[in-house]
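Trainee: Quick one: the structure is below, questions incoming.
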Amino acid sequence: MSYIKKRKTGKKEVREPILIVCEDSKSSVFYLRDRIRVERLTTTQVEVSGESNSAPISVVDYAIQRKKEQRRKAKREGIYEFKEIYCVMDVDNHETLSNAKRKALDNNLIPIVSNECFELWYLIHFIEQNAYIERNDIYKKLNKIIEKEYNKSDKKISEDLNEKGSEKEAINRAKKLERQSEDSNPELFIKKNPSTDVYILVEKIIELSKNQ
């Protein structure tokens, strides 16, 4: 993505860009890019990248690399550094997740973790999900609700979410799941199934739209 130099757009000042790094190049990338497109952001550039591999530590390492590259470009070309960088990761069975989350926080990155996977965010658009659930069972429930086989490459998943589900309810349900696990040891976040931080990103995108 090409970033514009520090200037004002009409009467609106262009703000520092935001980077979102995802662990896959399909589902989460398609959804987030579409969600940003809907808000028609004009003063903040938000880049969604799926160029790292699926290991959480690789997501964080790639985000750190991009942060350093943007800092060098900012000094050389007079553009902004990234204001915020988010790392979107699934729990699954990744052994590197604990280290990845710790490394993200140590480098002022914002980890966005879903347990067990990003698609939980889709599911809670339609129903509450308070009990432990695995990825395949999330897919099965989605298949039944959207009346077709869920495909990570489906760029129209947002249409199903908007037509049959509720983003407002998804946000409320995600926050409820977060409250349920507040008493847990932070080091045991991997055990917080189900849970998803995706609502944080969605609320950020909505906030950017309202403030432009």
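Starting from 1 in every chain, residues are counted up; chains themselves are A, B, ... following the order of the structure tokens, and ligands are numbered from 1 as listed.
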Within 7 Å of range 146-163 of chain A, counting only C-alpha atoms, which residues show up once you throw out same-chain ones fewer than 5 positions away? Write them as a list in words, please.
Mentor: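 Here the qualifying residues turn out to be Lys26, Ser27, Phe30, Tyr31, Tyr122, His125 and Tyr139 of chain A.
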Trainee: Write the residues of the preceding selection, restricted to N, CA and C atoms, as a CSV table (one decimal), in the first residue's frame.
Mentor:
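Listed below is the output, out-v6.csv:
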chain,number,residue,atom,x,y,z
A,26,LYS,N,-7.1,-15.3,3.7
A,26,LYS,CA,-8.5,-15.4,3.2
A,26,LYS,C,-9.5,-14.9,4.1
A,27,SER,N,-10.1,-15.7,5.0
A,27,SER,CA,-11.3,-15.4,5.7
A,27,SER,C,-11.1,-14.0,6.4
A,30,PHE,N,-10.4,-11.0,4.0
A,30,PHE,CA,-11.6,-10.6,3.2
A,30,PHE,C,-12.6,-9.9,4.0
A,31,TYR,N,-12.9,-10.4,5.2
A,31,TYR,CA,-13.9,-9.8,6.1
A,31,TYR,C,-13.5,-8.4,6.5
A,122,TYR,N,-17.9,-14.8,13.5
A,122,TYR,CA,-19.0,-14.9,12.6
A,122,TYR,C,-20.2,-15.6,13.3
A,125,HIS,N,-22.5,-13.6,15.5
A,125,HIS,CA,-23.5,-12.7,14.9
A,125,HIS,C,-24.9,-13.3,14.9
A,139,TYR,N,-17.7,-24.5,12.3
A,139,TYR,CA,-18.1,-24.6,10.9
A,139,TYR,C,-19.4,-25.2,10.7
Trainee: Mind checking DSSP for range 9-203 of chain A and telling me the helix (DSSP H, G or I) residues as an MDAnalysis selection string?
Mentor: chainID A and resid 27:39 56:77 97:106 119:123 135:146 157:164 167:180 186:191 198:203
Trainee: So that I can see what lies close to Glu84 in chain A, please list as a compact mmCIF listing (two decimals) with N, CA and C atoms, in the first residue's frame the residues with an atom at most 10 Å from it, counting only C-alpha atoms and leaving out residues fewer than 2 positions away in the same chain.
Mentor:
# COMPACT_ATOMS: atom_id res chain seq x y z
N GLU A 16 -2.54 9.22 11.08
CA GLU A 16 -1.57 8.14 10.96
C GLU A 16 -2.27 6.85 10.54
N PRO A 17 -1.62 6.07 9.66
CA PRO A 17 -2.22 4.82 9.18
C PRO A 17 -2.20 3.73 10.25
N ILE A 18 -3.02 2.73 10.01
CA ILE A 18 -3.14 1.58 10.90
C ILE A 18 -2.86 0.32 10.10
N LEU A 19 -2.15 -0.62 10.69
CA LEU A 19 -1.84 -1.89 10.03
C LEU A 19 -2.48 -3.03 10.80
N ILE A 20 -3.14 -3.93 10.05
CA ILE A 20 -3.72 -5.15 10.63
C ILE A 20 -3.06 -6.33 9.94
N VAL A 46 -6.17 2.20 6.42
CA VAL A 46 -6.06 0.97 7.19
C VAL A 46 -5.66 -0.15 6.24
N LYS A 67 6.65 -2.54 10.94
CA LYS A 67 6.75 -1.36 11.80
C LYS A 67 8.09 -0.66 11.59
N GLU A 81 4.33 7.26 10.51
CA GLU A 81 4.52 5.90 11.00
C GLU A 81 3.14 5.31 11.29
N PHE A 82 3.08 3.98 11.49
CA PHE A 82 1.82 3.36 11.87
C PHE A 82 1.43 3.82 13.27
N TYR A 86 -2.19 -4.14 14.67
CA TYR A 86 -2.94 -5.24 15.27
C TYR A 86 -2.45 -6.57 14.69
N ASN A 108 4.66 -3.11 21.63
CA ASN A 108 3.54 -2.16 21.50
C ASN A 108 2.62 -2.49 20.33
N LEU A 109 2.44 -3.78 20.07
CA LEU A 109 1.46 -4.24 19.10
C LEU A 109 0.22 -4.70 19.86
N ILE A 110 -0.90 -4.75 19.17
CA ILE A 110 -2.16 -5.12 19.82
C ILE A 110 -2.59 -6.50 19.34
Trainee: Give me the range 5-88 of chain A side of the contact with range 206-212 of chain A, cut-off 8 Å, one line per residue showing its nearest atom pair and distance in Å at one decimal, counting only C-alpha atoms, sorted by chain and residue number, as a tab-separated table.
Mentor:
residue	atom	partner	partner_atom	distance
A:Lys12	CA	A:Gln212	CA	7.5
A:Glu39	CA	A:Ser209	CA	5.8
A:Arg40	CA	A:Ser209	CA	7.2
A:Leu41	CA	A:Ser209	CA	5.7
A:Thr42	CA	A:Gln212	CA	6.8
A:Thr43	CA	A:Gln212	CA	5.9
A:Thr44	CA	A:Leu208	CA	7.3
Trainee: If you keep N, CA and C atoms, can you produce a file of those selected residues as an mmCIF file, in the first residue's frame?
Mentor:
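Result saved to again_18.cif:
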data_model
loop_
_atom_site.group_PDB
_atom_site.id
_atom_site.type_symbol
_atom_site.label_atom_id
_atom_site.label_comp_id
_atom_site.auth_asym_id
_atom_site.auth_seq_id
_atom_site.Cartn_x
_atom_site.Cartn_y
_atom_site.Cartn_z
ATOM 1 N N LYS A 12 -9.953 18.237 6.190
ATOM 2 C CA LYS A 12 -9.724 17.140 7.121
ATOM 3 C C LYS A 12 -8.256 16.728 7.110
ATOM 4 N N GLU A 39 -17.277 1.272 5.612
ATOM 5 C CA GLU A 39 -17.210 2.514 6.390
ATOM 6 C C GLU A 39 -16.680 3.698 5.583
ATOM 7 N N ARG A 40 -16.095 3.431 4.413
ATOM 8 C CA ARG A 40 -15.612 4.496 3.521
ATOM 9 C C ARG A 40 -14.700 5.486 4.247
ATOM 10 N N LEU A 41 -13.672 4.956 4.844
ATOM 11 C CA LEU A 41 -12.737 5.810 5.582
ATOM 12 C C LEU A 41 -11.992 6.737 4.630
ATOM 13 N N THR A 42 -11.922 8.005 4.986
ATOM 14 C CA THR A 42 -11.276 8.992 4.113
ATOM 15 C C THR A 42 -10.047 9.636 4.752
ATOM 16 N N THR A 43 -9.961 9.626 6.072
ATOM 17 C CA THR A 43 -8.846 10.313 6.728
ATOM 18 C C THR A 43 -7.827 9.359 7.348
ATOM 19 N N THR A 44 -8.148 8.089 7.408
ATOM 20 C CA THR A 44 -7.220 7.099 7.969
ATOM 21 C C THR A 44 -7.080 5.928 7.011
#
Trainee: For CA of Met89 in chain A and CA of Glu23 in chain A, quote the distance in Å rounded to one decimal.
Mentor: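 Rounded to one decimal, the two atoms are 5.9 Å apart.
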Trainee: Please measure the separation of CA of Ser114 in chain A and CA of Ser195 in chain A, giving the value in Å to one decimal.
Mentor: 5.8 Å
Trainee: Name the residues in contact with Glu203 in chain A at a cut-off of 12 Å, using only C-alpha atoms, excluding same-chain residues fewer than 4 positions from it; report them as a list in words.
Mentor: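 Skipping anything fewer than 4 positions along the chain leaves Leu32, Arg35, Ile36, Glu39, Glu167, Lys168, Ala170, Ile171, Asn172, Ala174, Lys175, Asp197, Val198, Tyr199, Glu207, Leu208, Ser209 and Lys210 of chain A.
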Trainee: Let me see the file: selected residues, C-alpha atoms, as a CSV table (one decimal), in the first residue's frame.
Mentor:
chain,number,residue,atom,x,y,z
A,32,LEU,CA,-11.8,-7.0,7.5
A,35,ARG,CA,-15.7,-4.1,6.8
A,36,ILE,CA,-13.4,-1.2,6.2
A,39,GLU,CA,-17.2,2.5,6.4
A,167,GLU,CA,-23.0,-7.0,14.4
A,168,LYS,CA,-24.3,-5.2,17.5
A,170,ALA,CA,-21.9,-10.0,18.1
A,171,ILE,CA,-20.1,-7.2,19.9
A,172,ASN,CA,-22.2,-7.7,23.0
A,174,ALA,CA,-17.9,-11.1,22.6
A,175,LYS,CA,-17.8,-8.7,25.5
A,197,ASP,CA,-11.1,-10.0,20.5
A,198,VAL,CA,-12.3,-9.2,17.0
A,199,TYR,CA,-14.9,-6.8,18.4
A,207,GLU,CA,-14.8,4.8,15.6
A,208,LEU,CA,-12.6,5.9,12.7
A,209,SER,CA,-15.6,6.3,10.5
A,210,LYS,CA,-17.5,8.4,13.0
Trainee: Mind pulling up the distance from CA of Glu128 in chain A to CA of Glu169 in chain A?
Mentor: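 Taking CA of Glu169 in chain A as the start and CA of Glu128 in chain A as the end point, the length is 8.9 Å.
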Trainee: So which one's closest to Ser49 in chain A, A:Lys75, A:Lys140, A:Ile85, A:Lys68? Using only C-alpha atoms, please.
Mentor: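 Among the listed residues, the smallest separation from Ser49 in chain A belongs to A:Ile85.
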Trainee: Can you pull out every residue within 10 Å of Ala131 in chain A, counting only C-alpha atoms, but drop anything in the same chain fewer than 3 positions away, and send it as a PDB file with N, CA and C atoms, in the first residue's frame?
Mentor:
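Result file follows (out-v1.pdb):
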ATOM      1  N   GLU A 128     -25.702 -17.070  20.627  1.00  0.00           N
ATOM      2  CA  GLU A 128     -24.760 -17.054  21.737  1.00  0.00           C
ATOM      3  C   GLU A 128     -23.994 -18.367  21.739  1.00  0.00           C
ATOM      4  N   LEU A 177     -18.435 -12.819  26.708  1.00  0.00           N
ATOM      5  CA  LEU A 177     -17.456 -13.903  26.818  1.00  0.00           C
ATOM      6  C   LEU A 177     -16.188 -13.414  27.514  1.00  0.00           C
ATOM      7  N   ASN A 193     -11.855 -20.630  26.048  1.00  0.00           N
ATOM      8  CA  ASN A 193     -12.660 -21.043  24.895  1.00  0.00           C
ATOM      9  C   ASN A 193     -14.105 -21.143  25.354  1.00  0.00           C
ATOM     10  N   PRO A 194     -15.024 -20.405  24.676  1.00  0.00           N
ATOM     11  CA  PRO A 194     -14.811 -19.538  23.513  1.00  0.00           C
ATOM     12  C   PRO A 194     -14.501 -18.099  23.927  1.00  0.00           C
TER      13      PRO A 194
END
Trainee: Restricting the calculation to only C-alpha atoms, which member of A:Ala104, A:Ile79, A:Val29, A:Leu201 is positioned closest to Ile57 in chain A?
Mentor: A:Ala104
Trainee: Return as an MDAnalysis selection string the full set of residues in range 29-206 of chain A whose backbone-based DSSP assignment is strand (DSSP E or B).
Mentor: chainID A and resid 46:49 79 84:90 110:115 195:196
Trainee: Save the residues we just selected, C-alpha atoms, as a PDB file, in the first residue's frame?
Mentor:
ATOM      1  CA  VAL A  46      -6.061   0.967   7.191  1.00  0.00           C
ATOM      2  CA  GLU A  47      -3.995  -1.785   5.599  1.00  0.00           C
ATOM      3  CA  VAL A  48      -5.021  -5.420   6.093  1.00  0.00           C
ATOM      4  CA  SER A  49      -2.190  -7.827   5.343  1.00  0.00           C
ATOM      5  CA  ILE A  79       4.980  10.001   5.708  1.00  0.00           C
ATOM      6  CA  GLU A  84      -1.429   1.203  15.719  1.00  0.00           C
ATOM      7  CA  ILE A  85      -0.611  -2.325  14.585  1.00  0.00           C
ATOM      8  CA  TYR A  86      -2.938  -5.241  15.269  1.00  0.00           C
ATOM      9  CA  CYS A  87      -1.978  -8.934  15.093  1.00  0.00           C
ATOM     10  CA  VAL A  88      -4.956 -11.201  14.321  1.00  0.00           C
ATOM     11  CA  MET A  89      -4.331 -14.754  15.527  1.00  0.00           C
ATOM     12  CA  ASP A  90      -6.211 -17.973  16.283  1.00  0.00           C
ATOM     13  CA  ILE A 110      -2.162  -5.116  19.818  1.00  0.00           C
ATOM     14  CA  PRO A 111      -2.929  -8.874  19.797  1.00  0.00           C
ATOM     15  CA  ILE A 112      -6.387  -9.840  18.556  1.00  0.00           C
ATOM     16  CA  VAL A 113      -6.878 -13.464  19.589  1.00  0.00           C
ATOM     17  CA  SER A 114      -9.823 -15.743  18.807  1.00  0.00           C
ATOM     18  CA  ASN A 115     -10.335 -19.014  20.632  1.00  0.00           C
ATOM     19  CA  SER A 195     -13.530 -15.982  23.230  1.00  0.00           C
ATOM     20  CA  THR A 196     -12.689 -13.456  20.526  1.00  0.00           C
TER      21      THR A 196
END
Trainee: If we count only C-alpha atoms and set the cut-off at 7 Å, which residues sit around Cys117 in chain A, ignoring sequence neighbours fewer than 6 positions away in its own chain? Please answer as a count of residues only.
Mentor: 4
Trainee: For Asp24 in chain A, which of A:Ser181, A:Arg173, A:Ala74, A:Phe118 is the closest residue, counting only C-alpha atoms?
Mentor: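 Going through A:Ser181, A:Arg173, A:Ala74, A:Phe118 one by one, the smallest distance to Asp24 in chain A is for A:Phe118.
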